[in-house]
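Written out below as structure tokens is the structure these notes cover.
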Amino acid sequence: MEALRERIQAEGKMLGEDILKVDSFINHQVDVALMEEIGQDIAKHFAGQGITKIFTIESSGIAPAVFASKYMELPLVILKKKSSRTLSQNLWQTEVISYTKDVTYELTLSKDYINDQDHILIIDDFLANGEAATGAVRLIRKAHATVAGLAVLIEKAYQPGRGKLEAQGITVYAQTRIARCGEAGIEFAG
Ligand code: G4P
């Protein structure tokens with residue numbers, strides 16, 4: 001997606017050799033107009049596929065997922081990283097390891113918001129190691145629902161996420177793909 005690629009080129013910054021900082025428009029300050037364009041593009045890509053719900057993982061996937069939900073006219077469900085007093089029973093849960101952030105969390109979904117007829121699109125900001133998305137797939141499959149695909153804003157194509165997802169039969173749509181990044185800058189993949 002051209003607008004996103006241009007924005008990454010203009011404002012993306014490398015943190016060390018591996019982490020792409022995009023918090024001026026995605027992760028901290030949010031460019032809502034760009035998020036709307038992104039959501040609209042995802043809606044167009046996945047149109048006509050019998051999708052019943054959109055899932056995202058808190059927190060950075062929420063903004064684009066809101067707009068995909070608006071344009072697809074589908075409910076949006078936000079998978080939580082921890083349970084709480086209001087979310088403590090009747091749950092599907094699975095453990096996810098975040099390699100980039102070096103933390104482990106219990107990805108949590110209320111059984112009220114999924115059923116075995118659901119065909120679900122997962123949306124997230126980054127695809128890196130594919131752990132968060134694989135956790136979402138596990139939850140969906142525990143509930144005997146099906147996965148329509150995974151849409152991500154930025155795929156770090158030099159990391160194993162796509163391979164991991166495709167090996168589980170999941171179609172991945174990446175709006176931008178980064179071939180490599182480092183001190184020399186950011187190089188996009190086709
Ligand atoms: P995964 O996202 O593919 O599962 O890979 P990994 O476990 O390595 O990544 C864990 C977290 O790190 C994710 O955020 C992911 O978005 C973030 N991340 C991975 N690579 C980058 C990067 O290059 N830049 C930035 N800014 N983030 C990256 P999360 O834990 O789900 O948190 P949140 O940011 O959505 O709240």
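Following the order of the structure tokens, first chain is A, next is B, and so on, with residues numbered from 1 inside each chain and ligands from 1 in the order they appear.
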
Worksheet item: Could you list, as a list in words, all the residues within 7 Å of ligand 1, counting only C-alpha atoms and all ligand atoms?
Response: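 Final answer, ordered by chain and number: Asp18, Ile19, Leu20, Lys21, Val22, Asp23, Asn27, Ile57, Glu58, Ser59, Ser60, Gly61, Ile97, Ser98, Tyr99, Thr100, Lys101, Asp125, Phe126, Leu127, Ala128, Asn129, Gly130, Glu131, Ala132, Ala133 and Gly161 of chain A.
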
Mind running region 23-45 of chain A against region 5-11 of chain A at 12 Å and telling me each contacting residue's nearest atom pair with the distance in Å (one decimal), counting only C-alpha atoms, chain and number ascending, as a Markdown table?
| residue | atom | partner | partner_atom | distance |
| --- | --- | --- | --- | --- |
| A:Asp23 | CA | A:Glu11 | CA | 8.9 |
| A:Ser24 | CA | A:Glu11 | CA | 7.2 |
| A:Phe25 | CA | A:Glu11 | CA | 8.3 |
| A:Ile26 | CA | A:Ile8 | CA | 10.0 |
| A:Asp31 | CA | A:Arg7 | CA | 10.4 |
| A:Leu34 | CA | A:Arg7 | CA | 9.3 |
| A:Met35 | CA | A:Arg7 | CA | 11.8 |
| A:Ile38 | CA | A:Arg5 | CA | 11.3 |

Report as JSON lines: every residue of region 25-109 of chain A with an atom at most 9 Å from region 166-189 of chain A, its closest pair of atoms, and their distance in Å to one decimal, counting only C-alpha atoms, with rows sorted by chain and ascending residue number.
{"residue": "A:Ile38", "atom": "CA", "partner": "A:Gln175", "partner_atom": "CA", "distance": 8.2}
{"residue": "A:Asp41", "atom": "CA", "partner": "A:Gln175", "partner_atom": "CA", "distance": 8.5}
{"residue": "A:Ile42", "atom": "CA", "partner": "A:Gln175", "partner_atom": "CA", "distance": 8.3}
{"residue": "A:His45", "atom": "CA", "partner": "A:Tyr173", "partner_atom": "CA", "distance": 8.3}

Output the selection as a CSV table (one decimal), in the first residue's frame - all heavy atoms for each residue.
chain,number,residue,atom,x,y,z
A,38,ILE,N,-6.0,2.5,5.5
A,38,ILE,CA,-5.5,1.1,5.7
A,38,ILE,C,-6.7,0.2,5.9
A,38,ILE,O,-6.8,-0.9,5.3
A,38,ILE,CB,-4.6,1.1,6.9
A,38,ILE,CG1,-3.2,1.7,6.5
A,38,ILE,CG2,-4.4,-0.3,7.5
A,38,ILE,CD1,-2.3,2.0,7.7
A,41,ASP,N,-8.5,-0.4,2.7
A,41,ASP,CA,-7.7,-1.3,1.8
A,41,ASP,C,-7.9,-2.8,2.2
A,41,ASP,O,-8.1,-3.7,1.4
A,41,ASP,CB,-6.3,-0.9,1.9
A,41,ASP,CG,-5.4,-1.8,1.0
A,41,ASP,OD1,-5.5,-1.7,-0.2
A,41,ASP,OD2,-4.7,-2.7,1.6
A,42,ILE,N,-7.9,-3.0,3.5
A,42,ILE,CA,-8.1,-4.4,4.0
A,42,ILE,C,-9.5,-4.9,3.7
A,42,ILE,O,-9.6,-6.0,3.2
A,42,ILE,CB,-7.8,-4.5,5.6
A,42,ILE,CG1,-6.3,-4.2,5.9
A,42,ILE,CG2,-8.2,-5.8,6.1
A,42,ILE,CD1,-6.0,-4.0,7.4
A,45,HIS,N,-9.6,-5.9,0.1
A,45,HIS,CA,-8.8,-7.1,-0.2
A,45,HIS,C,-9.6,-8.3,0.2
A,45,HIS,O,-9.5,-9.4,-0.5
A,45,HIS,CB,-7.5,-7.0,0.5
A,45,HIS,CG,-6.6,-8.2,0.2
A,45,HIS,ND1,-5.7,-8.2,-0.9
A,45,HIS,CD2,-6.4,-9.4,0.8
A,45,HIS,CE1,-5.1,-9.3,-0.9
A,45,HIS,NE2,-5.5,-10.1,0.1

Worksheet item: To one decimal place, how far is CA of Asp124 (chain A) from CA of Val77 (chain A) in Å?
Response: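 Interatomic distance, CA of Asp124 (chain A) to CA of Val77 (chain A): 12.3 Å.
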
Discussion item. Can you pull out every residue from region 2-172 of chain A that DSSP, working from the backbone, puts in helix (DSSP H, G or I), and format the result as a PyMOL selection string?
Written reply: chain A and resi 2-11+32-45+62-72+111-113+131-142+161-167

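Residues in contact with Ile120 (chain A) at up to 8 Å, not including ones fewer than 5 positions away on its chain and judged by only C-alpha atoms, are Ile51, Thr52, Lys53, Ile54, Phe55, Ile140, Ala145, Thr146, Val147, Ala148 and Gly149 of chain A.
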
Writing out the chosen residues with N, CA, C and O atoms as a compact mmCIF listing (two decimals), in the first residue's frame:
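Listing of selection.txt after writing:
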# COMPACT_ATOMS: atom_id res chain seq x y z
N ILE A 51 -16.61 -13.54 5.49
CA ILE A 51 -16.07 -13.26 6.82
C ILE A 51 -17.21 -12.78 7.74
O ILE A 51 -18.07 -12.02 7.32
N THR A 52 -17.20 -13.27 8.98
CA THR A 52 -18.27 -12.90 9.92
C THR A 52 -17.79 -11.94 11.02
O THR A 52 -18.60 -11.25 11.63
N LYS A 53 -16.48 -11.97 11.32
CA LYS A 53 -15.96 -11.12 12.40
C LYS A 53 -14.51 -10.76 12.13
O LYS A 53 -13.81 -11.48 11.41
N ILE A 54 -14.10 -9.65 12.74
CA ILE A 54 -12.69 -9.25 12.70
C ILE A 54 -12.12 -9.37 14.11
O ILE A 54 -12.76 -8.92 15.07
N PHE A 55 -10.95 -9.97 14.20
CA PHE A 55 -10.25 -10.04 15.49
C PHE A 55 -8.97 -9.23 15.38
O PHE A 55 -8.29 -9.27 14.36
N ILE A 140 -9.09 -19.26 17.86
CA ILE A 140 -10.19 -19.42 16.90
C ILE A 140 -10.46 -20.90 16.65
O ILE A 140 -11.61 -21.35 16.63
N ALA A 145 -14.10 -22.38 15.12
CA ALA A 145 -14.38 -21.41 14.06
C ALA A 145 -13.23 -21.51 13.05
O ALA A 145 -12.28 -22.27 13.26
N THR A 146 -13.34 -20.75 11.93
CA THR A 146 -12.31 -20.84 10.90
C THR A 146 -11.65 -19.47 10.69
O THR A 146 -12.23 -18.43 11.01
N VAL A 147 -10.44 -19.52 10.12
CA VAL A 147 -9.66 -18.29 9.91
C VAL A 147 -9.69 -17.94 8.42
O VAL A 147 -9.30 -18.74 7.58
N ALA A 148 -10.15 -16.71 8.12
CA ALA A 148 -10.20 -16.25 6.73
C ALA A 148 -8.82 -15.79 6.27
O ALA A 148 -8.50 -15.86 5.08
N GLY A 149 -8.02 -15.29 7.19
CA GLY A 149 -6.69 -14.81 6.83
C GLY A 149 -6.16 -13.86 7.89
O GLY A 149 -6.84 -13.57 8.88

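Residues with any atom within 6 Å of region 106-112 of chain A, counting only C-alpha atoms and excluding same-chain neighbours fewer than 4 positions away, are A:Leu79, A:Lys80, A:Lys81, A:Lys82, A:Asn90, A:Leu91, A:Trp92, A:Gln93, A:Thr94, A:Glu95.
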
Write the residues you've just listed into a file as a PDB file, in the first residue's frame, and include N, CA and C atoms for each of them.
ATOM      1  N   LEU A  79      -8.742  -9.115  21.137  1.00  0.00           N
ATOM      2  CA  LEU A  79      -8.201 -10.154  22.015  1.00  0.00           C
ATOM      3  C   LEU A  79      -7.362  -9.473  23.091  1.00  0.00           C
ATOM      4  N   LYS A  80      -7.560  -9.896  24.332  1.00  0.00           N
ATOM      5  CA  LYS A  80      -6.903  -9.248  25.468  1.00  0.00           C
ATOM      6  C   LYS A  80      -5.621  -9.986  25.826  1.00  0.00           C
ATOM      7  N   LYS A  81      -4.708  -9.244  26.412  1.00  0.00           N
ATOM      8  CA  LYS A  81      -3.451  -9.881  26.836  1.00  0.00           C
ATOM      9  C   LYS A  81      -3.493 -10.315  28.289  1.00  0.00           C
ATOM     10  N   LYS A  82      -4.520  -9.951  29.004  1.00  0.00           N
ATOM     11  CA  LYS A  82      -4.701 -10.499  30.353  1.00  0.00           C
ATOM     12  C   LYS A  82      -6.186 -10.508  30.707  1.00  0.00           C
ATOM     13  N   ASN A  90     -15.582 -18.244  31.478  1.00  0.00           N
ATOM     14  CA  ASN A  90     -16.105 -18.545  30.144  1.00  0.00           C
ATOM     15  C   ASN A  90     -15.155 -18.059  29.055  1.00  0.00           C
ATOM     16  N   LEU A  91     -13.883 -18.440  29.214  1.00  0.00           N
ATOM     17  CA  LEU A  91     -12.844 -17.894  28.337  1.00  0.00           C
ATOM     18  C   LEU A  91     -12.155 -18.967  27.516  1.00  0.00           C
ATOM     19  N   TRP A  92     -11.687 -18.553  26.345  1.00  0.00           N
ATOM     20  CA  TRP A  92     -10.650 -19.303  25.635  1.00  0.00           C
ATOM     21  C   TRP A  92      -9.345 -18.563  25.902  1.00  0.00           C
ATOM     22  N   GLN A  93      -8.305 -19.318  26.255  1.00  0.00           N
ATOM     23  CA  GLN A  93      -7.009 -18.674  26.528  1.00  0.00           C
ATOM     24  C   GLN A  93      -5.874 -19.492  25.935  1.00  0.00           C
ATOM     25  N   THR A  94      -4.809 -18.812  25.586  1.00  0.00           N
ATOM     26  CA  THR A  94      -3.616 -19.508  25.097  1.00  0.00           C
ATOM     27  C   THR A  94      -2.387 -18.643  25.406  1.00  0.00           C
ATOM     28  N   GLU A  95      -1.278 -19.300  25.696  1.00  0.00           N
ATOM     29  CA  GLU A  95      -0.067 -18.553  26.062  1.00  0.00           C
ATOM     30  C   GLU A  95       0.682 -18.097  24.799  1.00  0.00           C
TER      31      GLU A  95
END

Practice prompt. Among the residues of region 1-137 of chain A, find those DSSP assigns to strand (DSSP E) from the backbone and print them as a PyMOL selection string.
Written response: chain A and resi 13-15+19-21+53-57+76-79+91-98+103-110+119-127
